[in-house]
Amino acid sequence: MSVFAKFMRRAMLARYGYIEHQVERAVEVQYSTLRNLLERCRYTAFGRRYGLHRVHNAEQFAERVGRFDYGSYQEYITRMRRGESNVACEGRVGMFAISSGSTSARSKYIPLTREMMRRNHLQGMADVVTLYLHGNPSSRLFEGRTLTMGGSCRVEDGALVGDLSALTMAFTGGWLSTVRAPSRKAALIEDFDTKCKAIWRECEKQRIVALAGVPSWTMALLRRVLEWSGKSSIADVWHDMELFMHGGVSFKPYGEAFAQIMGRKMNYLESYNASEGFVAIADRCGSEDMLLMPHYGCYYEFARGENVVPLEGVRRGVDYALLMTTVGGLWRYELGDVVRFTSIDPYRLRIVGRVRQYINAFGEELMEGNAEEALLKACMMTGAVVEEYSVAPCFFEGAAGGYHLWVVEFASLPDDVESFAMALDAALREINSDYDAKRRSVMAAAVVKTVPRGTFHRWQALCSRRKVPRLLTDRTTIDDILSCAEGVYGDDKELEKEEI
């Protein structure tokens, strides 16, 4: 092991005791975080409106300050984007992470201060590595570089605006270049195809040992790498690959596709790093359960209907909508994620769905977790591997009732798509009693429509969406995705020789 690798390993592992101490004191740390936020922000515009100087504990905070989603919080976002200071946090907000989600807005602008970047997102990134190294003592992570698949950013009205990953790269500058690839210049290219070509040119001969990014975009890059390299697996391209650090979307639909394309056993480590804040990290590879990180400048609350509890009040096995108050300027903000605690000593959680992502067009109450479980069962029964999917209700003309249309992009096609559809429908009926009841009355069987590989990525690139919506309330988005089914990779099968 090189001197540099030994130094980096020791430096990262030195953090483990601190992380362990914070996690053990999670409730105390959370209340301390709330007191600090109240003290610092009591004279902001938000603080004066809600009288934060008179709030001294969690109970008073919950009574005095209402809950917000993006729509109801937009007044403060707009003022921050105009460049006003001391709106909902100290000083002026100089960065905004663009995030798409289940709101009426095409894009959400999430405020991101320099302190939030340092204390939350960058600390979270470092702790991912620390927890991985602690659990994998034979790792050679610092013997090579981590290929980070990011987005792009730009300047709008004096603020830096873009994907969180791009903002992170722009903020850190060049000091991570010794452990990360590609260069900032290549990583921040806006056009995805051009970015992929630049990454391949830079990284083809480098020693890449790990990947980091959203599964969908990372998979799109890896597919191109195999085309350009002429290799059958990523292990044939980068022989020392050992880890994929992922987040942003559920990894379940991608697991088998990654196993196929990697060509070797890999470690997979999930983190809950939303644009709004870095929340949790899996401290065990391959686990959906993530350790809540209480010390990142965020105060968490958990809502079940109208009942909202602090961390101290959560119970195992109960589904909660997550609310977040941050040093970056969000107050009692609903992220839209539904989490479930699998442990309370220490606090471990998993993301089980979205507050607004479900289909109830016919009374079937189909949740995202139901869809993913049924999809995996259908894959096991038919030997298929699904890479992307979206579902929308379709209504029969002139009559009550209808069916669910599944648009599916396969990494490995089933022998018979109709048999796959039948297995999927049967699994949904077994998993969800409401779906089964409606299938016996007003609903027809699920219909599966296949699209060529790369269709969903093309749609994401065209509409600048980071996440693929799984469950939709109408078929508008489905039709847009279907329209992208032709020419998914353009006509550049070979990597052009000209310089970018």
# chains A, B, ... in the order shown; residues from 1 in each chain; ligands from 1
>>> residues_around(residues="Thr130 of chain A", least_positions_apart="5", cutoff="12 Å", atoms="only C-alpha atoms", output="VMD selection string")
chain A and resid 8 to 20 123 to 125 135 to 137 139 141 to 142 269 281 to 284
>>> residues_around(residues="Ala461 of chain A", least_positions_apart="2", cutoff="10 Å", atoms="only C-alpha atoms", output="number ranges by chain")
A: 190-193, 217, 456-459, 463-466
>>> atom_distance(atom1="atom CA of Ala427 of chain A", atom2="atom CA of Leu366 of chain A")
12.2 Å
>>> residues_around(residues="segment 471-483 of chain A", least_positions_apart="4", cutoff="9 Å", atoms="only C-alpha atoms", output="PyMOL selection string")
chain A and resi 357-361+366-368+371+390-394+405-407+451+455-456+458-460
>>> select_by_dssp(residues="segment 230-297 of chain A", states="strand (DSSP E)", output="list in words")
Leu243, Phe244, Met245, His246, Gly247, Asn267, Tyr268, Leu269, Glu270, Ser271, Tyr272, Asn273, Ala274, Gly277, Phe278, Val279, Ala280, Ile281, Met290, Leu291 and Leu292 of chain A
>>> decode(residues="segment 227-250 of chain A", atoms="N, CA and C atoms", output="PDB file, in the first residue's frame")
ATOM      1  N   GLU A 227     -19.640  -0.418 -24.669  1.00  0.00           N
ATOM      2  CA  GLU A 227     -19.690  -0.248 -26.128  1.00  0.00           C
ATOM      3  C   GLU A 227     -18.356   0.255 -26.653  1.00  0.00           C
ATOM      4  N   TRP A 228     -17.813   1.282 -26.001  1.00  0.00           N
ATOM      5  CA  TRP A 228     -16.592   1.911 -26.498  1.00  0.00           C
ATOM      6  C   TRP A 228     -15.362   1.048 -26.259  1.00  0.00           C
ATOM      7  N   SER A 229     -15.351   0.298 -25.174  1.00  0.00           N
ATOM      8  CA  SER A 229     -14.178  -0.522 -24.855  1.00  0.00           C
ATOM      9  C   SER A 229     -14.180  -1.860 -25.582  1.00  0.00           C
ATOM     10  N   GLY A 230     -15.374  -2.324 -25.988  1.00  0.00           N
ATOM     11  CA  GLY A 230     -15.481  -3.636 -26.597  1.00  0.00           C
ATOM     12  C   GLY A 230     -15.382  -4.773 -25.596  1.00  0.00           C
ATOM     13  N   LYS A 231     -15.442  -4.462 -24.294  1.00  0.00           N
ATOM     14  CA  LYS A 231     -15.353  -5.470 -23.238  1.00  0.00           C
ATOM     15  C   LYS A 231     -16.740  -5.992 -22.893  1.00  0.00           C
ATOM     16  N   SER A 232     -16.756  -7.148 -22.222  1.00  0.00           N
ATOM     17  CA  SER A 232     -18.035  -7.762 -21.865  1.00  0.00           C
ATOM     18  C   SER A 232     -18.487  -7.404 -20.464  1.00  0.00           C
ATOM     19  N   SER A 233     -17.602  -6.863 -19.632  1.00  0.00           N
ATOM     20  CA  SER A 233     -17.972  -6.478 -18.270  1.00  0.00           C
ATOM     21  C   SER A 233     -17.091  -5.331 -17.809  1.00  0.00           C
ATOM     22  N   ILE A 234     -17.545  -4.615 -16.798  1.00  0.00           N
ATOM     23  CA  ILE A 234     -16.768  -3.498 -16.252  1.00  0.00           C
ATOM     24  C   ILE A 234     -15.495  -4.013 -15.589  1.00  0.00           C
ATOM     25  N   ALA A 235     -15.546  -5.231 -15.026  1.00  0.00           N
ATOM     26  CA  ALA A 235     -14.343  -5.805 -14.412  1.00  0.00           C
ATOM     27  C   ALA A 235     -13.230  -5.984 -15.427  1.00  0.00           C
ATOM     28  N   ASP A 236     -13.579  -6.151 -16.702  1.00  0.00           N
ATOM     29  CA  ASP A 236     -12.570  -6.264 -17.756  1.00  0.00           C
ATOM     30  C   ASP A 236     -11.968  -4.909 -18.122  1.00  0.00           C
ATOM     31  N   VAL A 237     -12.691  -3.846 -17.787  1.00  0.00           N
ATOM     32  CA  VAL A 237     -12.207  -2.497 -18.077  1.00  0.00           C
ATOM     33  C   VAL A 237     -11.378  -1.971 -16.913  1.00  0.00           C
ATOM     34  N   TRP A 238     -11.957  -2.031 -15.724  1.00  0.00           N
ATOM     35  CA  TRP A 238     -11.281  -1.574 -14.499  1.00  0.00           C
ATOM     36  C   TRP A 238     -11.182  -2.773 -13.552  1.00  0.00           C
ATOM     37  N   HIS A 239     -10.019  -3.368 -13.485  1.00  0.00           N
ATOM     38  CA  HIS A 239      -9.842  -4.657 -12.821  1.00  0.00           C
ATOM     39  C   HIS A 239      -9.970  -4.579 -11.296  1.00  0.00           C
ATOM     40  N   ASP A 240      -9.765  -3.394 -10.723  1.00  0.00           N
ATOM     41  CA  ASP A 240      -9.726  -3.266  -9.262  1.00  0.00           C
ATOM     42  C   ASP A 240     -11.005  -2.686  -8.667  1.00  0.00           C
ATOM     43  N   MET A 241     -12.065  -2.648  -9.468  1.00  0.00           N
ATOM     44  CA  MET A 241     -13.327  -2.084  -8.984  1.00  0.00           C
ATOM     45  C   MET A 241     -13.864  -2.893  -7.803  1.00  0.00           C
ATOM     46  N   GLU A 242     -14.196  -2.208  -6.685  1.00  0.00           N
ATOM     47  CA  GLU A 242     -14.676  -2.926  -5.508  1.00  0.00           C
ATOM     48  C   GLU A 242     -15.949  -2.360  -4.889  1.00  0.00           C
ATOM     49  N   LEU A 243     -16.323  -1.125  -5.234  1.00  0.00           N
ATOM     50  CA  LEU A 243     -17.407  -0.483  -4.484  1.00  0.00           C
ATOM     51  C   LEU A 243     -18.239   0.429  -5.374  1.00  0.00           C
ATOM     52  N   PHE A 244     -19.560   0.402  -5.149  1.00  0.00           N
ATOM     53  CA  PHE A 244     -20.457   1.391  -5.737  1.00  0.00           C
ATOM     54  C   PHE A 244     -21.209   2.068  -4.603  1.00  0.00           C
ATOM     55  N   MET A 245     -20.961   3.360  -4.412  1.00  0.00           N
ATOM     56  CA  MET A 245     -21.659   4.171  -3.409  1.00  0.00           C
ATOM     57  C   MET A 245     -22.812   4.868  -4.108  1.00  0.00           C
ATOM     58  N   HIS A 246     -24.022   4.528  -3.731  1.00  0.00           N
ATOM     59  CA  HIS A 246     -25.182   4.994  -4.483  1.00  0.00           C
ATOM     60  C   HIS A 246     -26.225   5.614  -3.555  1.00  0.00           C
ATOM     61  N   GLY A 247     -27.138   6.339  -4.151  1.00  0.00           N
ATOM     62  CA  GLY A 247     -28.236   6.968  -3.424  1.00  0.00           C
ATOM     63  C   GLY A 247     -29.131   7.694  -4.398  1.00  0.00           C
ATOM     64  N   GLY A 248     -30.131   8.379  -3.875  1.00  0.00           N
ATOM     65  CA  GLY A 248     -31.025   9.165  -4.725  1.00  0.00           C
ATOM     66  C   GLY A 248     -32.294   8.447  -5.096  1.00  0.00           C
ATOM     67  N   VAL A 249     -32.192   7.159  -5.422  1.00  0.00           N
ATOM     68  CA  VAL A 249     -33.361   6.360  -5.778  1.00  0.00           C
ATOM     69  C   VAL A 249     -33.178   4.960  -5.193  1.00  0.00           C
ATOM     70  N   SER A 250     -34.254   4.207  -5.133  1.00  0.00           N
ATOM     71  CA  SER A 250     -34.180   2.834  -4.657  1.00  0.00           C
ATOM     72  C   SER A 250     -33.258   2.017  -5.553  1.00  0.00           C
TER      73      SER A 250
END
